[in-house]
$ cat upload_19.txt   # compact mmCIF, C-alpha atoms (C1' of nucleotides)
# COMPACT_ATOMS: atom_id res chain seq x y z
CA MET F 395 134.40 271.12 227.01
CA TYR F 396 136.96 273.57 225.70
CA GLU F 397 139.67 271.39 227.21
CA LEU F 398 138.67 268.60 224.84
CA LEU F 399 139.09 270.92 221.89
CA ARG F 400 142.41 272.08 223.24
CA ALA F 401 143.71 268.54 223.65
CA TYR F 402 142.48 267.71 220.18
CA LEU F 403 144.20 270.74 218.71
CA ASN F 404 147.49 269.82 220.33
CA LYS F 405 147.22 266.25 219.17
CA ILE F 406 146.32 266.98 215.56
CA THR F 407 148.90 269.72 215.02
CA SER F 408 151.60 267.99 217.12
CA SER F 409 152.07 271.26 218.98
CA THR F 410 151.17 272.85 222.27
CA VAL F 411 148.81 275.76 221.96
CA SER F 412 149.60 278.65 224.28
CA ASP F 413 147.02 280.12 226.64
CA GLU F 414 147.07 283.35 224.66
CA GLU F 415 146.40 281.64 221.36
CA PHE F 416 143.75 279.36 222.80
CA GLN F 417 141.81 282.37 224.03
CA PHE F 418 140.99 283.11 220.42
CA PHE F 419 139.47 279.65 220.12
CA GLU F 420 137.40 280.23 223.23
CA ALA F 421 136.14 283.46 221.73
CA ALA F 422 135.28 281.83 218.42
CA TYR F 423 133.51 278.71 219.64
CA SER F 424 130.41 278.51 221.75
CA GLU F 425 128.71 275.56 223.39
CA LYS F 426 125.63 274.04 221.88
CA LYS F 427 123.58 270.98 222.80
CA VAL F 428 121.59 269.00 220.28
CA LYS F 429 119.29 266.27 221.54
CA LYS F 430 118.88 262.89 219.91
CA LYS F 431 116.82 263.02 216.69
CA GLN F 432 117.23 266.79 216.48
CA PHE F 433 119.01 268.50 213.63
CA LEU F 434 122.05 270.73 213.39
CA LEU F 435 121.29 271.32 209.72
CA HIS F 436 118.24 270.82 207.53
CA GLU F 437 118.33 270.28 203.78
CA GLY F 438 117.62 273.55 201.99
CA SER F 439 118.94 275.82 204.70
CA ILE F 440 122.37 277.37 204.99
CA CYS F 441 124.85 275.61 207.22
CA ARG F 442 125.68 278.19 209.89
CA TYR F 443 127.98 276.11 212.04
CA MET F 444 131.21 274.24 211.96
CA ALA F 445 130.74 271.90 214.91
CA PHE F 446 133.24 269.98 216.98
CA ILE F 447 131.66 266.98 218.70
CA ALA F 448 132.72 266.98 222.35
CA LYS F 449 130.23 264.23 223.17
CA GLY F 450 127.68 262.27 221.17
CA ALA F 451 127.13 260.86 217.70
CA MET F 452 125.76 262.40 214.51
CA ARG F 453 125.15 261.57 210.89
CA GLN F 454 125.14 263.66 207.74
CA TYR F 455 122.91 262.48 204.91
CA THR F 456 121.00 263.37 201.76
CA ILE F 457 117.63 262.17 200.54
CA ASP F 458 117.44 261.34 196.82
CA ASP F 459 114.53 261.70 194.34
CA LYS F 460 113.29 258.25 195.28
CA GLY F 461 113.18 259.18 198.96
CA VAL F 462 116.17 257.00 199.83
CA GLU F 463 118.61 258.30 202.43
CA HIS F 464 122.32 258.28 201.64
CA ILE F 465 124.70 258.73 204.51
CA ALA F 466 127.67 260.90 203.60
CA ARG F 467 129.40 260.61 206.93
CA PHE F 468 129.18 259.72 210.57
CA GLY F 469 130.68 261.72 213.41
CA ILE F 470 131.48 260.92 217.02
CA GLU F 471 133.68 262.53 219.69
CA GLU F 472 136.51 264.61 218.21
CA TRP F 473 134.99 264.73 214.73
CA TRP F 474 133.86 267.84 212.90
CA MET F 475 130.42 268.20 211.39
CA SER F 476 129.46 270.76 208.77
CA ASP F 477 128.61 271.15 205.13
CA ARG F 478 131.76 272.94 204.07
CA GLU F 479 130.30 274.03 200.76
CA SER F 480 127.22 275.60 202.27
CA PHE F 481 129.12 276.95 205.26
CA THR F 482 131.72 278.88 203.29
CA SER F 483 129.73 279.92 200.25
CA LEU F 484 126.47 280.55 202.10
CA THR F 485 124.45 278.47 199.67
CA PRO F 486 121.55 276.19 200.68
CA SER F 487 122.72 272.75 201.69
CA ARG F 488 121.51 269.44 200.30
CA TYR F 489 122.49 267.69 203.53
CA ASN F 490 120.82 266.98 206.83
CA ILE F 491 122.90 266.69 210.00
CA GLU F 492 121.10 264.81 212.73
CA ALA F 493 122.04 263.80 216.26
CA ILE F 494 121.91 260.04 216.79
CA GLU F 495 122.67 260.49 220.49
CA ASP F 496 122.38 263.60 222.66
CA CYS F 497 125.33 265.77 221.63
CA ASP F 498 127.54 268.39 223.24
CA LEU F 499 129.06 270.54 220.53
CA LEU F 500 131.43 273.44 220.18
CA VAL F 501 130.25 275.51 217.27
CA ALA F 502 131.60 278.49 215.34
CA THR F 503 130.11 280.60 212.60
CA ASN F 504 131.93 281.43 209.40
CA GLU F 505 132.60 285.03 210.51
CA LYS F 506 134.19 283.84 213.73
CA LEU F 507 136.43 281.45 211.84
CA ILE F 508 137.54 284.10 209.37
CA LEU F 509 138.69 286.11 212.35
CA LEU F 510 140.25 283.10 214.03
CA ARG F 511 142.17 282.33 210.86
CA GLU F 512 143.83 285.74 211.16
CA GLN F 513 144.50 285.37 214.86
CA SER F 514 145.78 281.84 215.10
CA PRO F 515 148.43 280.23 212.89
CA LEU F 516 147.66 276.94 214.62
CA PHE F 517 144.07 277.12 213.48
CA VAL F 518 145.26 277.52 209.90
CA LYS F 519 147.63 274.60 210.35
CA MET F 520 144.81 272.48 211.72
CA GLY F 521 142.65 273.40 208.74
CA VAL F 522 145.26 272.24 206.27
CA ILE F 523 145.77 268.97 208.12
CA LEU F 524 142.05 268.30 208.36
CA ASP F 525 141.46 269.05 204.69
CA GLU F 526 144.14 266.63 203.74
CA LYS F 527 142.86 263.94 206.08
CA SER F 528 139.33 264.22 204.88
CA TYR F 529 140.39 264.17 201.24
CA ILE F 530 142.44 261.01 201.78
CA ALA F 531 139.59 259.43 203.75
CA SER F 532 137.08 260.12 201.02
CA GLN F 533 139.41 258.70 198.37
CA LYS F 534 139.77 255.56 200.44
CA ARG F 535 136.05 255.29 200.97
CA LEU F 536 135.47 255.62 197.25
CA ASP F 537 137.92 252.82 196.64
CA VAL F 538 136.14 250.61 199.18
CA THR F 539 132.75 251.42 197.72
CA ILE F 540 133.73 250.72 194.14
CA SER F 541 135.90 247.67 194.51
CA TYR F 542 134.91 245.74 197.60
CA THR F 543 132.28 243.01 197.88
CA ALA F 544 129.63 243.28 200.60
CA GLU F 545 131.66 241.05 202.89
CA GLU F 546 134.86 243.00 202.30
CA LYS F 547 133.06 246.25 203.02
CA VAL F 548 131.78 245.00 206.34
CA ILE F 549 135.21 243.67 207.32
CA TYR F 550 136.73 247.01 206.36
CA MET F 551 134.21 248.79 208.55
CA MET F 552 134.79 246.51 211.50
CA GLU F 553 138.54 246.92 211.30
CA ASN F 554 138.68 250.62 210.59
CA HIS F 555 135.66 252.04 212.37
CA PRO F 556 134.67 249.56 215.06
CA GLN F 557 133.24 252.45 217.13
CA PHE F 558 130.71 253.13 214.37
CA MET F 559 129.56 249.51 214.31
CA GLN F 560 128.62 249.79 217.95
CA ARG F 561 127.03 253.20 218.03
CA PHE F 562 124.96 253.46 214.87
CA PRO F 563 121.94 251.32 213.97
CA GLN F 564 122.44 248.63 211.35
CA SER F 565 120.20 250.34 208.85
CA MET F 566 122.43 253.41 208.88
CA LEU F 567 125.61 251.40 208.68
CA ALA F 568 124.16 249.60 205.68
CA SER F 569 123.31 252.88 203.99
CA TYR F 570 126.81 254.17 204.69
CA LEU F 571 128.32 251.12 203.02
CA GLY F 572 125.92 251.17 200.10
CA LEU F 573 124.20 247.93 201.14
CA THR F 574 120.69 247.03 202.21
CA PRO F 575 120.06 246.27 205.89
CA GLU F 576 119.20 242.69 204.94
CA THR F 577 122.53 242.15 203.26
CA LEU F 578 124.43 243.66 206.18
CA SER F 579 122.57 241.40 208.58
CA ARG F 580 123.39 238.31 206.53
CA VAL F 581 127.04 239.21 206.12
CA ARG F 582 127.46 239.83 209.83
CA LYS F 583 125.92 236.48 210.64
CA GLN F 584 128.24 234.75 208.21
CA LEU F 585 131.29 236.50 209.65
CA LEU F 586 130.38 235.61 213.23
CA GLN F 587 130.17 231.95 212.31
CA LYS F 588 133.78 231.98 211.12
CA MET L 45 153.07 277.66 179.38
CA TYR L 46 153.38 279.84 182.47
CA GLU L 47 150.74 282.11 181.03
CA LEU L 48 148.26 279.26 181.26
CA LEU L 49 149.03 278.84 184.93
CA ARG L 50 148.72 282.57 185.42
CA ALA L 51 145.33 282.74 183.75
CA TYR L 52 144.20 279.76 185.78
CA LEU L 53 145.36 281.35 189.01
CA ASN L 54 143.47 284.54 188.25
CA LYS L 55 140.36 282.64 187.36
CA ILE L 56 140.28 280.36 190.36
CA THR L 57 141.06 283.04 192.94
CA SER L 58 138.95 285.72 191.25
CA SER L 59 141.95 288.04 191.48
CA THR L 60 144.69 289.46 189.30
CA VAL L 61 148.13 288.28 190.25
CA SER L 62 150.80 290.97 190.05
CA ASP L 63 153.99 290.52 188.04
CA GLU L 64 155.99 290.55 191.25
CA GLU L 65 153.94 287.86 192.90
CA PHE L 66 153.84 285.71 189.80
CA GLN L 67 157.63 285.68 189.66
CA PHE L 68 157.53 283.45 192.72
CA PHE L 69 155.40 281.00 190.79
CA GLU L 70 157.83 281.04 187.90
CA ALA L 71 160.64 280.28 190.31
CA ALA L 72 158.74 277.44 191.94
CA TYR L 73 157.46 275.64 188.88
CA SER L 74 159.48 274.10 186.10
CA GLU L 75 158.40 272.63 182.79
CA LYS L 76 158.24 268.90 182.32
CA LYS L 77 157.06 266.77 179.43
CA VAL L 78 155.68 263.29 179.88
CA LYS L 79 154.99 261.20 176.80
CA LYS L 80 151.95 259.00 176.33
CA LYS L 81 152.11 255.79 178.39
CA GLN L 82 154.89 257.17 180.54
CA PHE L 83 154.53 257.72 184.25
CA LEU L 84 154.77 260.75 186.49
CA LEU L 85 154.51 258.50 189.54
CA HIS L 86 154.95 254.78 190.12
CA GLU L 87 153.34 252.83 192.94
CA GLY L 88 155.80 252.37 195.78
CA SER L 89 157.81 255.51 195.12
CA ILE L 90 157.44 258.91 196.70
CA CYS L 91 155.46 261.50 194.79
CA ARG L 92 157.96 264.27 194.13
CA TYR L 93 155.77 266.57 192.09
CA MET L 94 152.62 268.56 192.23
CA ALA L 95 151.85 268.91 188.53
CA PHE L 96 149.67 271.38 186.64
CA ILE L 97 148.55 270.03 183.29
CA ALA L 98 149.12 272.69 180.63
CA LYS L 99 148.36 270.22 177.86
CA GLY L 100 147.44 266.56 177.72
CA ALA L 101 145.53 263.96 179.70
CA MET L 102 146.49 261.73 182.62
CA ARG L 103 145.02 259.19 184.96
CA GLN L 104 145.75 258.26 188.55
CA TYR L 105 145.06 254.67 189.59
CA THR L 106 145.78 251.83 191.99
CA ILE L 107 146.11 248.11 191.35
CA ASP L 108 144.42 245.85 193.89
CA ASP L 109 145.40 242.39 195.19
CA LYS L 110 143.51 240.75 192.34
CA GLY L 111 145.44 242.81 189.77
CA VAL L 112 142.44 244.97 188.89
CA GLU L 113 143.06 248.65 188.18
CA HIS L 114 140.95 251.26 189.97
CA ILE L 115 140.99 254.75 188.61
CA ALA L 116 141.01 257.37 191.34
CA ARG L 117 140.89 260.36 189.02
CA PHE L 118 141.40 261.71 185.56
CA GLY L 119 143.15 264.96 184.70
CA ILE L 120 143.19 267.16 181.63
CA GLU L 121 144.21 270.76 180.91
CA GLU L 122 144.06 272.97 184.02
CA TRP L 123 143.86 270.05 186.44
CA TRP L 124 146.39 269.18 189.11
CA MET L 125 147.93 265.76 189.46
CA SER L 126 149.68 264.46 192.54
CA ASP L 127 149.32 262.10 195.44
CA ARG L 128 148.88 264.67 198.17
CA GLU L 129 149.50 262.19 200.94
CA SER L 130 152.78 260.93 199.53
CA PHE L 131 153.83 264.39 198.36
CA THR L 132 153.48 266.11 201.71
CA SER L 133 154.41 263.32 204.09
CA LEU L 134 157.12 261.79 201.88
CA THR L 135 155.68 258.29 202.21
CA PRO L 136 155.59 255.74 199.36
CA SER L 137 152.51 256.12 197.20
CA ARG L 138 150.02 253.42 196.32
CA TYR L 139 149.09 255.26 193.14
CA ASN L 140 150.34 255.33 189.58
CA ILE L 141 150.04 258.49 187.52
CA GLU L 142 150.23 257.82 183.80
CA ALA L 143 150.02 260.03 180.73
CA ILE L 144 147.17 259.01 178.42
CA GLU L 145 148.27 261.61 175.87
CA ASP L 146 151.59 263.44 175.52
CA CYS L 147 151.59 265.97 178.35
CA ASP L 148 153.11 269.37 179.02
CA LEU L 149 153.29 269.92 182.74
CA LEU L 150 154.37 272.57 185.20
CA VAL L 151 155.75 270.81 188.24
CA ALA L 152 156.92 271.88 191.66
CA THR L 153 158.54 269.96 194.49
CA ASN L 154 157.34 270.10 198.07
CA GLU L 155 160.27 272.32 199.16
CA LYS L 156 159.49 274.83 196.44
CA LEU L 157 155.86 274.94 197.48
CA ILE L 158 156.69 275.45 201.14
CA LEU L 159 158.66 278.50 200.05
CA LEU L 160 155.95 279.66 197.68
CA ARG L 161 153.41 279.39 200.47
CA GLU L 162 155.43 281.95 202.42
CA GLN L 163 155.93 284.21 199.44
CA SER L 164 152.49 284.28 197.90
CA PRO L 165 149.20 284.82 199.72
CA LEU L 166 147.45 284.05 196.45
CA PHE L 167 149.03 280.63 196.36
CA VAL L 168 147.67 279.93 199.82
CA LYS L 169 144.27 281.17 198.75
CA MET L 170 144.36 278.90 195.72
CA GLY L 171 145.27 275.96 197.93
CA VAL L 172 142.28 276.48 200.19
CA ILE L 173 139.93 276.80 197.22
CA LEU L 174 141.32 273.70 195.54
CA ASP L 175 141.11 271.63 198.72
CA GLU L 176 137.53 272.58 199.13
CA LYS L 177 136.69 271.87 195.50
CA SER L 178 138.30 268.47 195.53
CA TYR L 179 136.62 267.56 198.78
CA ILE L 180 133.23 268.48 197.42
CA ALA L 181 133.93 266.65 194.17
CA SER L 182 134.92 263.47 195.94
CA GLN L 183 131.80 263.64 198.13
CA LYS L 184 129.70 263.96 195.00
CA ARG L 185 131.48 261.12 193.26
CA LEU L 186 130.90 258.92 196.27
CA ASP L 187 127.23 259.75 196.15
CA VAL L 188 127.07 258.88 192.45
CA THR L 189 128.97 255.65 192.98
CA ILE L 190 126.84 254.45 195.87
CA SER L 191 123.42 255.46 194.75
CA TYR L 192 123.24 255.58 190.95
CA THR L 193 122.43 252.75 188.57
CA ALA L 194 124.80 252.00 185.68
CA GLU L 195 122.68 254.10 183.35
CA GLU L 196 122.49 257.01 185.77
CA LYS L 197 126.24 256.92 186.24
CA VAL L 198 126.86 257.14 182.52
CA ILE L 199 124.37 259.98 182.13
CA TYR L 200 126.03 261.78 185.02
CA MET L 201 129.40 261.39 183.36
CA MET L 202 128.15 262.60 179.99
CA GLU L 203 126.55 265.65 181.54
CA ASN L 204 129.28 266.58 183.98
CA HIS L 205 132.48 265.46 182.29
CA PRO L 206 131.80 265.22 178.56
CA GLN L 207 135.48 265.98 177.90
CA PHE L 208 136.44 262.78 179.68
CA MET L 209 134.06 260.70 177.58
CA GLN L 210 135.86 261.84 174.48
CA ARG L 211 139.45 261.64 175.61
CA PHE L 212 139.70 258.49 177.67
CA PRO L 213 139.21 254.93 176.41
CA GLN L 214 135.99 253.22 177.37
CA SER L 215 137.75 250.67 179.53
CA MET L 216 139.13 253.43 181.72
CA LEU L 217 135.86 255.30 181.89
CA ALA L 218 134.21 252.06 182.98
CA SER L 219 136.77 251.55 185.72
CA TYR L 220 136.29 255.13 186.87
CA LEU L 221 132.56 254.58 187.17
CA GLY L 222 132.92 251.18 188.83
CA LEU L 223 131.43 249.31 185.86
CA THR L 224 132.79 246.71 183.46
CA PRO L 225 133.60 247.82 179.88
CA GLU L 226 130.84 245.53 178.62
CA THR L 227 128.23 247.21 180.78
CA LEU L 228 129.40 250.66 179.75
CA SER L 229 129.22 249.67 176.10
CA ARG L 230 125.69 248.34 176.48
CA VAL L 231 124.48 251.37 178.40
CA ARG L 232 125.88 253.76 175.81
CA LYS L 233 124.16 251.86 173.02
CA GLN L 234 120.87 251.99 174.88
CA LEU L 235 121.22 255.72 175.52
CA LEU L 236 122.04 256.48 171.89
CA GLN L 237 118.87 254.72 170.76
CA LYS L 238 116.73 257.03 172.86
C1' DT H 1207 150.14 245.38 151.83
C1' DC H 1208 149.41 242.00 155.14
C1' DT H 1209 149.17 240.92 159.86
C1' DT H 1210 149.05 241.47 164.58
C1' DC H 1211 147.20 244.19 168.29
C1' DT H 1212 144.01 246.85 170.94
C1' DG H 1213 139.72 248.42 172.02
C1' DC H 1214 134.89 247.90 171.37
C1' DT H 1215 130.63 245.37 170.71
C1' DT H 1216 127.36 241.66 171.19
C1' DG H 1217 125.43 237.41 172.95
C1' DA H 1218 124.79 233.72 176.55
C1' DT H 1219 125.09 232.56 181.19
C1' DC H 1220 125.79 233.25 186.02
C1' DT H 1221 125.72 235.36 190.56
C1' DA H 1222 125.85 238.74 194.33
C1' DA H 1223 122.98 241.54 196.23
C1' DA H 1224 118.31 243.75 196.00
C1' DT H 1225 113.65 243.25 196.71
C1' DC H 1226 109.60 241.28 198.64
C1' DA H 1227 107.54 239.24 202.57
C1' DA H 1228 107.08 237.29 207.34
C1' DG H 1229 108.17 236.76 211.77
C1' DC H 1230 110.78 237.86 216.08
C1' DT H 1231 112.40 240.59 220.09
C1' DG H 1232 113.00 244.16 223.07
C1' DA H 1233 111.76 249.00 223.90
C1' DT H 1234 108.18 252.54 224.53
C1' DT H 1235 103.50 253.91 225.31
C1' DT H 1236 99.07 253.70 227.40
C1' DA A 399 100.03 244.25 231.51
C1' DA A 400 98.65 244.77 227.02
C1' DA A 401 99.58 247.03 222.76
C1' DT A 402 102.04 249.42 219.44
C1' DC A 403 106.32 250.11 217.27
C1' DA A 404 111.19 250.07 215.62
C1' DG A 405 114.99 247.46 214.46
C1' DC A 406 116.78 243.08 213.20
C1' DT A 407 116.71 238.49 211.15
C1' DT A 408 115.51 234.92 207.93
C1' DG A 409 113.61 232.89 203.77
C1' DA A 410 112.05 233.03 198.81
C1' DT A 411 112.42 235.27 194.55
C1' DT A 412 114.13 238.54 191.25
C1' DT A 413 117.37 241.25 188.76
C1' DA A 414 121.21 244.37 187.46
C1' DG A 415 125.35 243.89 186.23
C1' DA A 416 129.48 240.65 186.09
C1' DT A 417 131.66 237.12 183.81
C1' DC A 418 132.71 234.22 180.00
C1' DA A 419 133.27 233.91 175.17
C1' DA A 420 133.39 235.12 170.40
C1' DG A 421 133.72 238.28 166.67
C1' DC A 422 134.85 242.75 164.44
C1' DA A 423 137.06 247.18 162.95
C1' DG A 424 140.55 250.49 162.96
C1' DA A 425 145.42 251.49 164.31
C1' DA A 426 150.09 250.27 164.39
C1' DG A 427 153.85 247.72 163.08
C1' DA A 428 156.48 244.51 159.93
$ encode --input "upload_19.txt" --output "structure tokens"
Amino acid sequence: MYELLRAYLNKITSSTVSDEEFQFFEAAYSEKKVKKKQFLLHEGSICRYMAFIAKGAMRQYTIDDKGVEHIARFGIEEWWMSDRESFTSLTPSRYNIEAIEDCDLLVATNEKLILLREQSPLFVKMGVILDEKSYIASQKRLDVTISYTAEEKVIYMMENHPQFMQRFPQSMLASYLGLTPETLSRVRKQLLQK
Amino acid sequence: MYELLRAYLNKITSSTVSDEEFQFFEAAYSEKKVKKKQFLLHEGSICRYMAFIAKGAMRQYTIDDKGVEHIARFGIEEWWMSDRESFTSLTPSRYNIEAIEDCDLLVATNEKLILLREQSPLFVKMGVILDEKSYIASQKRLDVTISYTAEEKVIYMMENHPQFMQRFPQSMLASYLGLTPETLSRVRKQLLQK
DNA sequence: TCTTCTGCTTGATCTAAATCAAGCTGATTT
DNA sequence: AAATCAGCTTGATTTAGATCAAGCAGAAGA
């Protein structure tokens, strides 16, 4: 499991982590399994973990006043799941993080990461790269959400995240795109006929 | 002008920057004025500057295939303007950054910031805090965009960014919220009558 | 001062997507 | 094997907000 993290680290930082440096990662992260329909984080509690998905699929979502779920993000292999705000500032989270499939995770607490940040320059580098990536991704998603029609949204999803289309139920995909399940179903049908 | 940056730095990092350390900032940043309707960045060119707004107001936007403008963000005093992606990876930007009022900026190039990052731990700390803030803000904006009605969006804007409501034209505020100017106008009227 | 813009408002109409409502199919339970 | 259930599809209807179109007021320029 740690080998997956190691390969990921090398890939994302375009470097090769030494055995010595990677030992700090092994000390910081521990293995955790979360079964389907179980939660890594519940709304109202503090997010204790920054989790690397070695295997499985998860979603992060809020529930609004009207009881409607809004999916903030999906995660599959090689993605990170956490509520950064809650995790670093130790405030109660408004998110839920739920396993959609049985998951194998590598998790670290905030204290461990503070230490790791001092021990490993590569960890710091990875952090900067990930922050940037996620910022750019959320800008792009905003753009899609604001300016695309239902059909364009679905096409965007199929082209950019085909893995998601296969692994998450339609109702969740719809919520992620800001559509109703009915609309998503109709749009897909239309697209298949083309 | 540098004093504004200094005060901002102290505030955001909850620290007091020493004279010695702040000298590195003075070396990295230079003053730049951009007049109303002029551009700090044009679509297709590389974003050379990370700019701190000492005075004025700006907007960052894209133009889509249909010629419609989409506002990614607004900036006023104490905000940063840049296309992070273009700035760090030296790739052509898809954004325009335009002054809405005459602006006084403090700008730094990427090379200067790489140096500053080595010289000033406080600069690094600020970077981490800003990344986190902007990530959280864009998550929240996404949530608002996906799940709020036109009226709720306007209320959100009035409560959370009243400064924007006063300084930017309605047409731009509408674009920022993903509404048409007509709808924004109608919603405002309705809200005022309450 | 007059006139041309530019931005905002208001009204009428239209439409994309939501909502409401059934029915279908395959999985899970008993 | 029957029964319950969850997820998806399909159809009918409604609606929020877009689009189209006209008019108005203050700013900017001649």
$ atom_distance --input "upload_19.txt" --atom1 "CA of Met444 in chain F" --atom2 "CA of Thr410 in chain F"
22.5 Å
$ closest_atom_pairs --input "upload_19.txt" --of "chain F" --to "chain A" --cutoff "8 Å" --atoms "only C-alpha atoms (C1' of nucleotides)" --output "Markdown table"
| residue | atom | partner | partner_atom | distance |
| --- | --- | --- | --- | --- |
| F:Pro563 | CA | A:DG405 | C1' | 8.0 |
| F:Glu576 | CA | A:DT407 | C1' | 7.9 |
| F:Ser579 | CA | A:DT407 | C1' | 7.0 |
$ write_last_selection --input "upload_19.txt" --atoms "C-alpha atoms" --output "PDB file, in the frame of the given file"
ATOM      1  CA  PRO F 563     121.940 251.320 213.970  1.00  0.00           C
ATOM      2  CA  GLU F 576     119.200 242.690 204.940  1.00  0.00           C
ATOM      3  CA  SER F 579     122.570 241.400 208.580  1.00  0.00           C
TER       4      SER F 579
END
$ closest_residue --input "upload_19.txt" --among "F:Asn504, F:Gln560, F:Asn490, F:Thr539" --to "chain L" --atoms "all atoms listed in the file"
F:Thr539
$ residues_around --input "upload_19.txt" --residues "range 399-402 of chain F" --least-positions-apart "2" --cutoff "12 Å" --atoms "only C-alpha atoms (C1' of nucleotides)" --output "number ranges by chain"
F: 395-397, 404-413, 415-420, 423-425, 445-449, 471-474, 498-501, 516-517, 520, 524
$ interface_residues --input "upload_19.txt" --of "chain H" --to "chain F" --cutoff "10 Å" --atoms "all atoms listed in the file" --output "PDB file with C-alpha atoms (C1' of nucleotides), keeping the file's coordinate frame"
ATOM      1  C1'  DA H1222     125.850 238.740 194.330  1.00  0.00           C
ATOM      2  C1'  DA H1223     122.980 241.540 196.230  1.00  0.00           C
ATOM      3  C1'  DA H1224     118.310 243.750 196.000  1.00  0.00           C
ATOM      4  C1'  DT H1225     113.650 243.250 196.710  1.00  0.00           C
TER       5       DT H1225
END
$ interface_residues --input "upload_19.txt" --of "chain L" --to "chain F" --cutoff "10 Å" --atoms "only C-alpha atoms" --output "PyMOL selection string"
chain L and resi 106+108+112-117+127-129+132+171-172+175-187+189-191+219-223
$ atom_distance --input "upload_19.txt" --atom1 "CA of Met125 in chain L" --atom2 "CA of Gln104 in chain L"
7.9 Å
$ atom_distance --input "upload_19.txt" --atom1 "CA of Ala143 in chain L" --atom2 "CA of Phe212 in chain L"
10.9 Å
$ axis_aligned_box --input "upload_19.txt" --around "range 409-419 of chain F" --padding-each-side "5 Å" --output "JSON"
{"center_x": 145.8, "center_y": 277.3, "center_z": 222.8, "size_x": 22.6, "size_y": 22.1, "size_z": 17.7}
$ decode --input "upload_19.txt" --residues "range 450-454 of chain F" --atoms "all heavy atoms" --output "PDB file, in the first residue's frame"
ATOM      1  N   GLY F 450     -10.425   2.100  -3.883  1.00  0.00           N
ATOM      2  CA  GLY F 450     -11.799   2.414  -3.544  1.00  0.00           C
ATOM      3  C   GLY F 450     -12.277   3.735  -4.116  1.00  0.00           C
ATOM      4  O   GLY F 450     -11.596   4.363  -4.913  1.00  0.00           O
ATOM      5  N   ALA F 451     -13.482   4.113  -3.679  1.00  0.00           N
ATOM      6  CA  ALA F 451     -14.096   5.352  -4.168  1.00  0.00           C
ATOM      7  C   ALA F 451     -14.865   6.022  -3.033  1.00  0.00           C
ATOM      8  O   ALA F 451     -15.518   5.343  -2.242  1.00  0.00           O
ATOM      9  CB  ALA F 451     -15.029   5.051  -5.332  1.00  0.00           C
ATOM     10  N   MET F 452     -14.767   7.341  -2.970  1.00  0.00           N
ATOM     11  CA  MET F 452     -15.431   8.085  -1.896  1.00  0.00           C
ATOM     12  C   MET F 452     -16.108   9.337  -2.444  1.00  0.00           C
ATOM     13  O   MET F 452     -15.824   9.762  -3.552  1.00  0.00           O
ATOM     14  CB  MET F 452     -14.410   8.517  -0.844  1.00  0.00           C
ATOM     15  CG  MET F 452     -13.481   7.434  -0.377  1.00  0.00           C
ATOM     16  SD  MET F 452     -12.481   7.960   1.068  1.00  0.00           S
ATOM     17  CE  MET F 452     -13.509   7.356   2.401  1.00  0.00           C
ATOM     18  N   ARG F 453     -16.970   9.901  -1.625  1.00  0.00           N
ATOM     19  CA  ARG F 453     -17.522  11.205  -1.983  1.00  0.00           C
ATOM     20  C   ARG F 453     -17.536  12.102  -0.757  1.00  0.00           C
ATOM     21  O   ARG F 453     -17.632  11.630   0.384  1.00  0.00           O
ATOM     22  CB  ARG F 453     -18.934  11.078  -2.536  1.00  0.00           C
ATOM     23  CG  ARG F 453     -19.925  10.553  -1.517  1.00  0.00           C
ATOM     24  CD  ARG F 453     -21.349  10.789  -1.967  1.00  0.00           C
ATOM     25  NE  ARG F 453     -22.282  10.239  -0.984  1.00  0.00           N
ATOM     26  CZ  ARG F 453     -23.536  10.636  -0.852  1.00  0.00           C
ATOM     27  NH1 ARG F 453     -24.021  11.566  -1.645  1.00  0.00           N
ATOM     28  NH2 ARG F 453     -24.320  10.100   0.065  1.00  0.00           N
ATOM     29  N   GLN F 454     -17.441  13.388  -1.011  1.00  0.00           N
ATOM     30  CA  GLN F 454     -17.482  14.399   0.051  1.00  0.00           C
ATOM     31  C   GLN F 454     -18.676  15.287  -0.241  1.00  0.00           C
ATOM     32  O   GLN F 454     -18.820  15.799  -1.351  1.00  0.00           O
ATOM     33  CB  GLN F 454     -16.176  15.211  -0.004  1.00  0.00           C
ATOM     34  CG  GLN F 454     -16.066  16.281   1.048  1.00  0.00           C
ATOM     35  CD  GLN F 454     -14.654  16.841   1.128  1.00  0.00           C
ATOM     36  OE1 GLN F 454     -13.737  16.368   0.454  1.00  0.00           O
ATOM     37  NE2 GLN F 454     -14.466  17.857   1.943  1.00  0.00           N
TER      38      GLN F 454
END
